[in-house]
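Peer 1: Below is a structure I'd like to ask you about.
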Amino acid sequence: MPGDTVCRVAGSDRFSTAAAVSLAEFPAGANTVFIATGADFPDALAGAAVAAELGAPLLLVGATGIPGPTATELDRLNPNDIVILGGEAAVSPQVEEALGEYGNVIRLSGSNRYATAAAISQYGFPDGASTVILATGLSFADALAGGPAAAELNGVVLLTHPTTLSPETLAEIERLDPSEIIILGGPSAVSVEIEDFLSEIAPTTRVYGFNRYATTAAISAYSFAQGIGELYIAVGTNFPDALAGGAAAGHAGSPMLIVEPWTIPPEIATEIQRLDPVHITILGGPGAITLAVQLGFEDLLG
């Protein structure tokens with residue numbers, strides 16, 4: 001990543017930002033590239049840890065075509081394999097066919113977001129995983145931080161409905177045979193009943209705070225020791241910039257924290273000081289995270 005104490009990786013839209021993140025983290029290209037829709041978050045969030053495990057960037061596509069920045073980055077990366085995350089409603093057959101010009105195309109999908117996450121896990125961790133991180137599939141904030149944390153803990157991210165564990169998720173947890181299960185978020189995100197059920201499969205820990213910012217700080221504190229090289233920052237009010245960032249952060253061995261567009265929540269500031277990073281990389285332009293927040297990071301790093 002760039003060598004400034006605080007730098008920003010951004011493009012004119014979500015597709016060009018993802019391409020810029022890929023270029024920054026994978027300057028020499030990549031054998032495998034993950035592709036997800038830029039219009040929704042579940043598939044990309046589940047794919048971040050697996051992409052990190054395989055050393056693969058994650059790029060975004062539109063509903064009907066490959067955006068120019070994505071096509072340019074695919075040309076530069078020169079992959080052998082392209083892994084589509086999600087079914088045809090997420091990434092159309094037309095886009096799949098067009099992606100075939102850039103490499104061998106594989107699609108990982110299921111009947112819903114939970115089954116798709118399980119299929120992604122099976123692809124990336126065929127021999128099991130020591131850690132399963134479970135997050136709600138109905139919102140994005142907890143799983144944003146979960147992908148890099150899973151990569152750090154040699155684990156995978158699976159998704160759940162807040163009150164019902166899908167058969168595909170349960171079957172994948174049992175197949176992975178983890179030594180620990182980490183639930184992200186409070187009981188409104190993943191119910192106590194699910195927590196109690198999972199504790200019969202493996203030791204289960206819930207990591208959360210009183211809001212999304214405190215929760216991501218808690219996830220980082222649980223997963224990463226003090227003294228890191230790189231820290232990724234994304235806005236906590238929207239998901240597109242962070243989708244590619246999760247794969248890049250996991251590949252770099254870095255946590256991801258989220259902030260408000262105009263301010264650094266106190267829990268995040270405390271965690272940044274604990275982590276004591278050498279560099280901070282902001283994902284997205286000043287419209288997502290303001291220059292005032294960027295200056296605040298510089299002040300935190302001294």
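Ordering of the structure tokens sets the chain letters (A, B, ...); residue numbers start at 1 within each chain; ligands are numbered from 1 in the order shown.
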As a PyMOL selection string, please: every residue in segment 114-151 of chain A that DSSP puts in alpha helix (DSSP H).
Peer 2: chain A and resi 114-124+141-151
Peer 1: So that I have them on file, write out the residues from the current selection with all heavy atoms, as a compact mmCIF listing (two decimals), in the first residue's frame.
Peer 2:
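File produced: part-v2.txt:
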```txt
# COMPACT_ATOMS: atom_id res chain seq x y z
N TYR A 114 -27.36 -17.42 2.58
CA TYR A 114 -26.76 -18.31 3.57
C TYR A 114 -26.16 -19.53 2.89
O TYR A 114 -25.04 -19.96 3.23
CB TYR A 114 -27.82 -18.69 4.61
CG TYR A 114 -28.57 -17.49 5.13
CD1 TYR A 114 -29.90 -17.28 4.80
CD2 TYR A 114 -27.92 -16.54 5.90
CE1 TYR A 114 -30.59 -16.16 5.25
CE2 TYR A 114 -28.60 -15.41 6.36
CZ TYR A 114 -29.92 -15.23 6.03
OH TYR A 114 -30.58 -14.10 6.46
N ALA A 115 -26.86 -20.07 1.93
CA ALA A 115 -26.35 -21.21 1.18
C ALA A 115 -25.16 -20.80 0.31
O ALA A 115 -24.21 -21.58 0.13
CB ALA A 115 -27.46 -21.82 0.32
N THR A 116 -25.20 -19.59 -0.22
CA THR A 116 -24.06 -19.11 -1.00
C THR A 116 -22.82 -18.97 -0.12
O THR A 116 -21.71 -19.37 -0.51
CB THR A 116 -24.40 -17.77 -1.67
OG1 THR A 116 -25.40 -17.99 -2.67
CG2 THR A 116 -23.18 -17.16 -2.33
N ALA A 117 -22.99 -18.42 1.07
CA ALA A 117 -21.85 -18.31 1.99
C ALA A 117 -21.27 -19.69 2.32
O ALA A 117 -20.04 -19.86 2.40
CB ALA A 117 -22.28 -17.59 3.26
N ALA A 118 -22.14 -20.67 2.49
CA ALA A 118 -21.67 -22.03 2.76
C ALA A 118 -20.90 -22.59 1.56
O ALA A 118 -19.86 -23.25 1.73
CB ALA A 118 -22.84 -22.94 3.11
N ALA A 119 -21.39 -22.32 0.34
CA ALA A 119 -20.68 -22.79 -0.86
C ALA A 119 -19.32 -22.13 -1.00
O ALA A 119 -18.33 -22.78 -1.39
CB ALA A 119 -21.54 -22.50 -2.09
N ILE A 120 -19.24 -20.85 -0.66
CA ILE A 120 -17.95 -20.15 -0.70
C ILE A 120 -16.98 -20.76 0.31
O ILE A 120 -15.81 -20.98 0.02
CB ILE A 120 -18.16 -18.65 -0.43
CG1 ILE A 120 -18.97 -18.01 -1.56
CG2 ILE A 120 -16.82 -17.94 -0.26
CD1 ILE A 120 -19.48 -16.62 -1.23
N SER A 121 -17.49 -21.06 1.49
CA SER A 121 -16.66 -21.68 2.52
C SER A 121 -16.15 -23.04 2.07
O SER A 121 -14.96 -23.38 2.26
CB SER A 121 -17.49 -21.83 3.81
OG SER A 121 -16.83 -22.63 4.77
N GLN A 122 -17.00 -23.85 1.45
CA GLN A 122 -16.58 -25.16 0.97
C GLN A 122 -15.46 -25.05 -0.06
O GLN A 122 -14.53 -25.87 -0.08
CB GLN A 122 -17.78 -25.90 0.36
CG GLN A 122 -18.83 -26.32 1.37
CD GLN A 122 -20.14 -26.69 0.72
OE1 GLN A 122 -20.20 -26.96 -0.48
NE2 GLN A 122 -21.21 -26.69 1.50
N TYR A 123 -15.55 -24.05 -0.91
CA TYR A 123 -14.53 -23.84 -1.94
C TYR A 123 -13.20 -23.44 -1.33
O TYR A 123 -12.14 -23.94 -1.72
CB TYR A 123 -15.01 -22.76 -2.91
CG TYR A 123 -14.02 -22.41 -3.99
CD1 TYR A 123 -13.88 -23.19 -5.13
CD2 TYR A 123 -13.22 -21.27 -3.89
CE1 TYR A 123 -12.98 -22.86 -6.12
CE2 TYR A 123 -12.31 -20.93 -4.87
CZ TYR A 123 -12.20 -21.72 -5.99
OH TYR A 123 -11.29 -21.40 -6.97
N GLY A 124 -13.24 -22.54 -0.36
CA GLY A 124 -12.00 -22.01 0.19
C GLY A 124 -11.38 -22.87 1.26
O GLY A 124 -10.16 -22.84 1.46
N ALA A 141 -22.55 -4.33 8.66
CA ALA A 141 -21.50 -3.72 9.46
C ALA A 141 -20.63 -4.75 10.19
O ALA A 141 -19.40 -4.67 10.17
CB ALA A 141 -22.11 -2.74 10.45
N ASP A 142 -21.25 -5.73 10.84
CA ASP A 142 -20.48 -6.69 11.63
C ASP A 142 -19.57 -7.53 10.74
O ASP A 142 -18.41 -7.78 11.08
CB ASP A 142 -21.41 -7.60 12.42
CG ASP A 142 -22.23 -6.84 13.45
OD1 ASP A 142 -21.87 -5.70 13.78
OD2 ASP A 142 -23.25 -7.38 13.90
N ALA A 143 -20.09 -7.98 9.60
CA ALA A 143 -19.31 -8.85 8.73
C ALA A 143 -18.18 -8.11 8.02
O ALA A 143 -17.22 -8.74 7.59
CB ALA A 143 -20.21 -9.53 7.70
N LEU A 144 -18.28 -6.78 7.89
CA LEU A 144 -17.17 -6.04 7.29
C LEU A 144 -15.88 -6.29 8.06
O LEU A 144 -14.83 -6.55 7.47
CB LEU A 144 -17.47 -4.54 7.26
CG LEU A 144 -18.50 -4.02 6.28
CD1 LEU A 144 -18.65 -2.52 6.42
CD2 LEU A 144 -18.14 -4.39 4.85
N ALA A 145 -15.95 -6.17 9.36
CA ALA A 145 -14.77 -6.42 10.19
C ALA A 145 -14.49 -7.91 10.33
O ALA A 145 -13.35 -8.31 10.59
CB ALA A 145 -14.96 -5.79 11.56
N GLY A 146 -15.52 -8.73 10.14
CA GLY A 146 -15.37 -10.17 10.34
C GLY A 146 -14.49 -10.84 9.32
O GLY A 146 -13.78 -11.81 9.65
N GLY A 147 -14.50 -10.37 8.06
CA GLY A 147 -13.68 -11.00 7.04
C GLY A 147 -12.19 -10.95 7.35
O GLY A 147 -11.51 -11.98 7.38
N PRO A 148 -11.63 -9.75 7.58
CA PRO A 148 -10.22 -9.67 7.95
C PRO A 148 -9.91 -10.41 9.26
O PRO A 148 -8.84 -11.02 9.39
CB PRO A 148 -9.98 -8.17 8.09
CG PRO A 148 -10.99 -7.55 7.18
CD PRO A 148 -12.20 -8.43 7.30
N ALA A 149 -10.83 -10.37 10.22
CA ALA A 149 -10.61 -11.10 11.46
C ALA A 149 -10.55 -12.60 11.21
O ALA A 149 -9.70 -13.31 11.76
CB ALA A 149 -11.71 -10.77 12.47
N ALA A 150 -11.45 -13.11 10.36
CA ALA A 150 -11.43 -14.53 10.03
C ALA A 150 -10.12 -14.91 9.37
O ALA A 150 -9.54 -15.97 9.66
CB ALA A 150 -12.61 -14.87 9.11
N ALA A 151 -9.63 -14.07 8.47
CA ALA A 151 -8.35 -14.35 7.82
C ALA A 151 -7.22 -14.43 8.85
O ALA A 151 -6.34 -15.29 8.75
CB ALA A 151 -8.05 -13.28 6.77
```
Peer 1: Extract the full set of strand (DSSP E) residues from segment 212-266 of chain A according to DSSP on the backbone, and format it as a ChimeraX atom specification.
Peer 2: /A:230-235,256-259
Peer 1: Show which residues sit within 8 Å of Ala202 of chain A, as a list in words. Count only C-alpha atoms, and ignore same-chain residues fewer than 3 positions away.
Peer 2: Pro178, Ser179, Glu180, Ile181, Leu198 and Ser199 of chain A
Peer 1: Counting only C-alpha atoms, what are the residues of segment 35-61 of chain A within 12 Å of segment 75-81 of chain A, and for each of them which pair of atoms is the nearest and at what distance in Å, to one decimal? Sort the table by chain and rising number, as a Markdown table.
Peer 2:
```
| residue | atom | partner | partner_atom | distance |
| --- | --- | --- | --- | --- |
| A:Ile35 | CA | A:Asp81 | CA | 10.6 |
| A:Leu54 | CA | A:Asp81 | CA | 11.2 |
| A:Gly55 | CA | A:Pro79 | CA | 11.4 |
| A:Ala56 | CA | A:Pro79 | CA | 9.3 |
| A:Pro57 | CA | A:Leu77 | CA | 9.1 |
| A:Leu58 | CA | A:Leu77 | CA | 11.2 |
| A:Leu59 | CA | A:Leu77 | CA | 10.9 |
```
Peer 1: Find the residues of segment 138-254 of chain A that sit at most 7 Å from segment 260-276 of chain A; for each, write down the nearest two atoms and how far apart they are in Å, to one decimal. Count only C-alpha atoms. Sort by chain, then by number going up, and give it as JSON lines.
Peer 2:
```
{"residue": "A:Tyr213", "atom": "CA", "partner": "A:Ile268", "partner_atom": "CA", "distance": 6.6}
{"residue": "A:Ala214", "atom": "CA", "partner": "A:Glu267", "partner_atom": "CA", "distance": 5.5}
{"residue": "A:Ala217", "atom": "CA", "partner": "A:Ile268", "partner_atom": "CA", "distance": 5.7}
{"residue": "A:Ala225", "atom": "CA", "partner": "A:Leu275", "partner_atom": "CA", "distance": 6.9}
{"residue": "A:Gln226", "atom": "CA", "partner": "A:Leu275", "partner_atom": "CA", "distance": 4.4}
{"residue": "A:Gly227", "atom": "CA", "partner": "A:Asp276", "partner_atom": "CA", "distance": 5.2}
{"residue": "A:Ile228", "atom": "CA", "partner": "A:Leu275", "partner_atom": "CA", "distance": 6.2}
{"residue": "A:Val235", "atom": "CA", "partner": "A:Glu260", "partner_atom": "CA", "distance": 5.8}
{"residue": "A:Gly236", "atom": "CA", "partner": "A:Glu260", "partner_atom": "CA", "distance": 5.8}
{"residue": "A:Thr237", "atom": "CA", "partner": "A:Glu260", "partner_atom": "CA", "distance": 6.8}
```
Peer 1: Atom CA of Ala18 of chain A and atom CA of Ala244 of chain A are how many Å apart?
Peer 2: 5.2 Å
Peer 1: May I have the residues within 10 Å of segment 95-103 of chain A as number ranges by chain, using only C-alpha atoms and disregarding those fewer than 3 positions away in the same chain?
Peer 2: A: 31-33, 35, 61-66, 71, 74-75, 77-84, 88, 91-92, 106-107
Peer 1: Name all residues at most 7 Å from Ile219 of chain A (count only C-alpha atoms; drop same-chain ones fewer than 3 positions away) and give them as number ranges by chain.
Peer 2: A: 145, 207, 215-216, 222-223
Peer 1: Keeping only all heavy atoms, write those residues as a short mmCIF file (atom, residue, chain, number, x, y, z; two decimals), in the first residue's frame.
Peer 2:
```cif
data_model
loop_
_atom_site.label_atom_id
_atom_site.label_comp_id
_atom_site.auth_asym_id
_atom_site.auth_seq_id
_atom_site.Cartn_x
_atom_site.Cartn_y
_atom_site.Cartn_z
N ALA A 145 -15.95 -6.17 9.36
CA ALA A 145 -14.77 -6.42 10.19
C ALA A 145 -14.49 -7.91 10.33
O ALA A 145 -13.35 -8.31 10.59
CB ALA A 145 -14.96 -5.79 11.56
N VAL A 207 -18.85 -11.65 20.35
CA VAL A 207 -18.04 -10.43 20.37
C VAL A 207 -18.92 -9.30 19.85
O VAL A 207 -19.39 -9.33 18.72
CB VAL A 207 -16.78 -10.58 19.49
CG1 VAL A 207 -15.96 -9.30 19.51
CG2 VAL A 207 -15.94 -11.77 19.95
N THR A 215 -18.86 -2.61 18.06
CA THR A 215 -18.73 -4.03 17.70
C THR A 215 -17.51 -4.27 16.83
O THR A 215 -16.74 -5.21 17.07
CB THR A 215 -20.00 -4.52 16.99
OG1 THR A 215 -21.09 -4.50 17.92
CG2 THR A 215 -19.83 -5.93 16.46
N THR A 216 -17.28 -3.43 15.82
CA THR A 216 -16.10 -3.65 14.99
C THR A 216 -14.82 -3.43 15.78
O THR A 216 -13.82 -4.12 15.55
CB THR A 216 -16.12 -2.75 13.75
OG1 THR A 216 -16.20 -1.38 14.13
CG2 THR A 216 -17.28 -3.08 12.85
N TYR A 222 -10.36 -8.48 19.62
CA TYR A 222 -10.37 -9.93 19.84
C TYR A 222 -9.37 -10.65 18.93
O TYR A 222 -8.77 -11.64 19.33
CB TYR A 222 -11.77 -10.48 19.60
CG TYR A 222 -11.93 -11.95 19.90
CD1 TYR A 222 -12.30 -12.38 21.17
CD2 TYR A 222 -11.71 -12.92 18.92
CE1 TYR A 222 -12.45 -13.73 21.45
CE2 TYR A 222 -11.85 -14.27 19.20
CZ TYR A 222 -12.21 -14.67 20.45
OH TYR A 222 -12.35 -16.01 20.73
N SER A 223 -9.18 -10.11 17.74
CA SER A 223 -8.48 -10.86 16.69
C SER A 223 -7.05 -10.41 16.44
O SER A 223 -6.25 -11.20 15.91
CB SER A 223 -9.27 -10.74 15.38
OG SER A 223 -10.62 -11.10 15.54
#
```
Peer 1: If I take atom CA of Val21 of chain A and atom CA of Glu152 of chain A, how far is one from the other in Å, to one decimal?
Peer 2: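 Pair atom CA of Val21 of chain A / atom CA of Glu152 of chain A returns 19.2 Å.
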Peer 1: For Arg113 of chain A, find every residue with an atom within 8 Å (counting only C-alpha atoms), except residues of its own chain fewer than 5 positions away, and show them as a list in words.
Peer 2: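 The neighbour list is Pro42, Asp43, Gly86, Gly137 and Leu159 of chain A.
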Peer 1: Please produce a file of those selected residues containing N, CA, C and O atoms, as a short mmCIF file (atom, residue, chain, number, x, y, z; two decimals), in the first residue's frame.
Peer 2:
```cif
data_model
loop_
_atom_site.label_atom_id
_atom_site.label_comp_id
_atom_site.auth_asym_id
_atom_site.auth_seq_id
_atom_site.Cartn_x
_atom_site.Cartn_y
_atom_site.Cartn_z
N PRO A 42 -24.09 -9.34 0.81
CA PRO A 42 -23.84 -10.62 1.47
C PRO A 42 -22.77 -11.49 0.83
O PRO A 42 -21.92 -12.06 1.52
N ASP A 43 -22.79 -11.63 -0.49
CA ASP A 43 -21.87 -12.56 -1.14
C ASP A 43 -20.42 -12.10 -0.98
O ASP A 43 -19.52 -12.91 -0.71
N GLY A 86 -22.21 -15.81 -5.89
CA GLY A 86 -23.64 -15.56 -5.99
C GLY A 86 -24.25 -16.13 -7.26
O GLY A 86 -23.56 -16.44 -8.23
N GLY A 137 -26.84 -12.03 8.24
CA GLY A 137 -26.83 -11.80 6.80
C GLY A 137 -27.77 -10.68 6.37
O GLY A 137 -27.89 -10.41 5.18
N LEU A 159 -22.95 -16.75 7.32
CA LEU A 159 -24.04 -15.81 7.60
C LEU A 159 -25.25 -16.55 8.15
O LEU A 159 -25.47 -17.72 7.86
#
```
Peer 1: Need the shell around segment 162-176 of chain A: protein/DNA/RNA residues with any atom at most 7 Å away, counting only C-alpha atoms. Skip same-chain ones fewer than 2 positions apart. Format as a list in words?
Peer 2: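 Listed by chain and then number, they are Tyr114, Ala115, Ala118, Gly128, Ala129, Thr136, Leu158, Thr160, Pro178, Ser188, Ala189, Val190, Ser191 and Ile194 of chain A.
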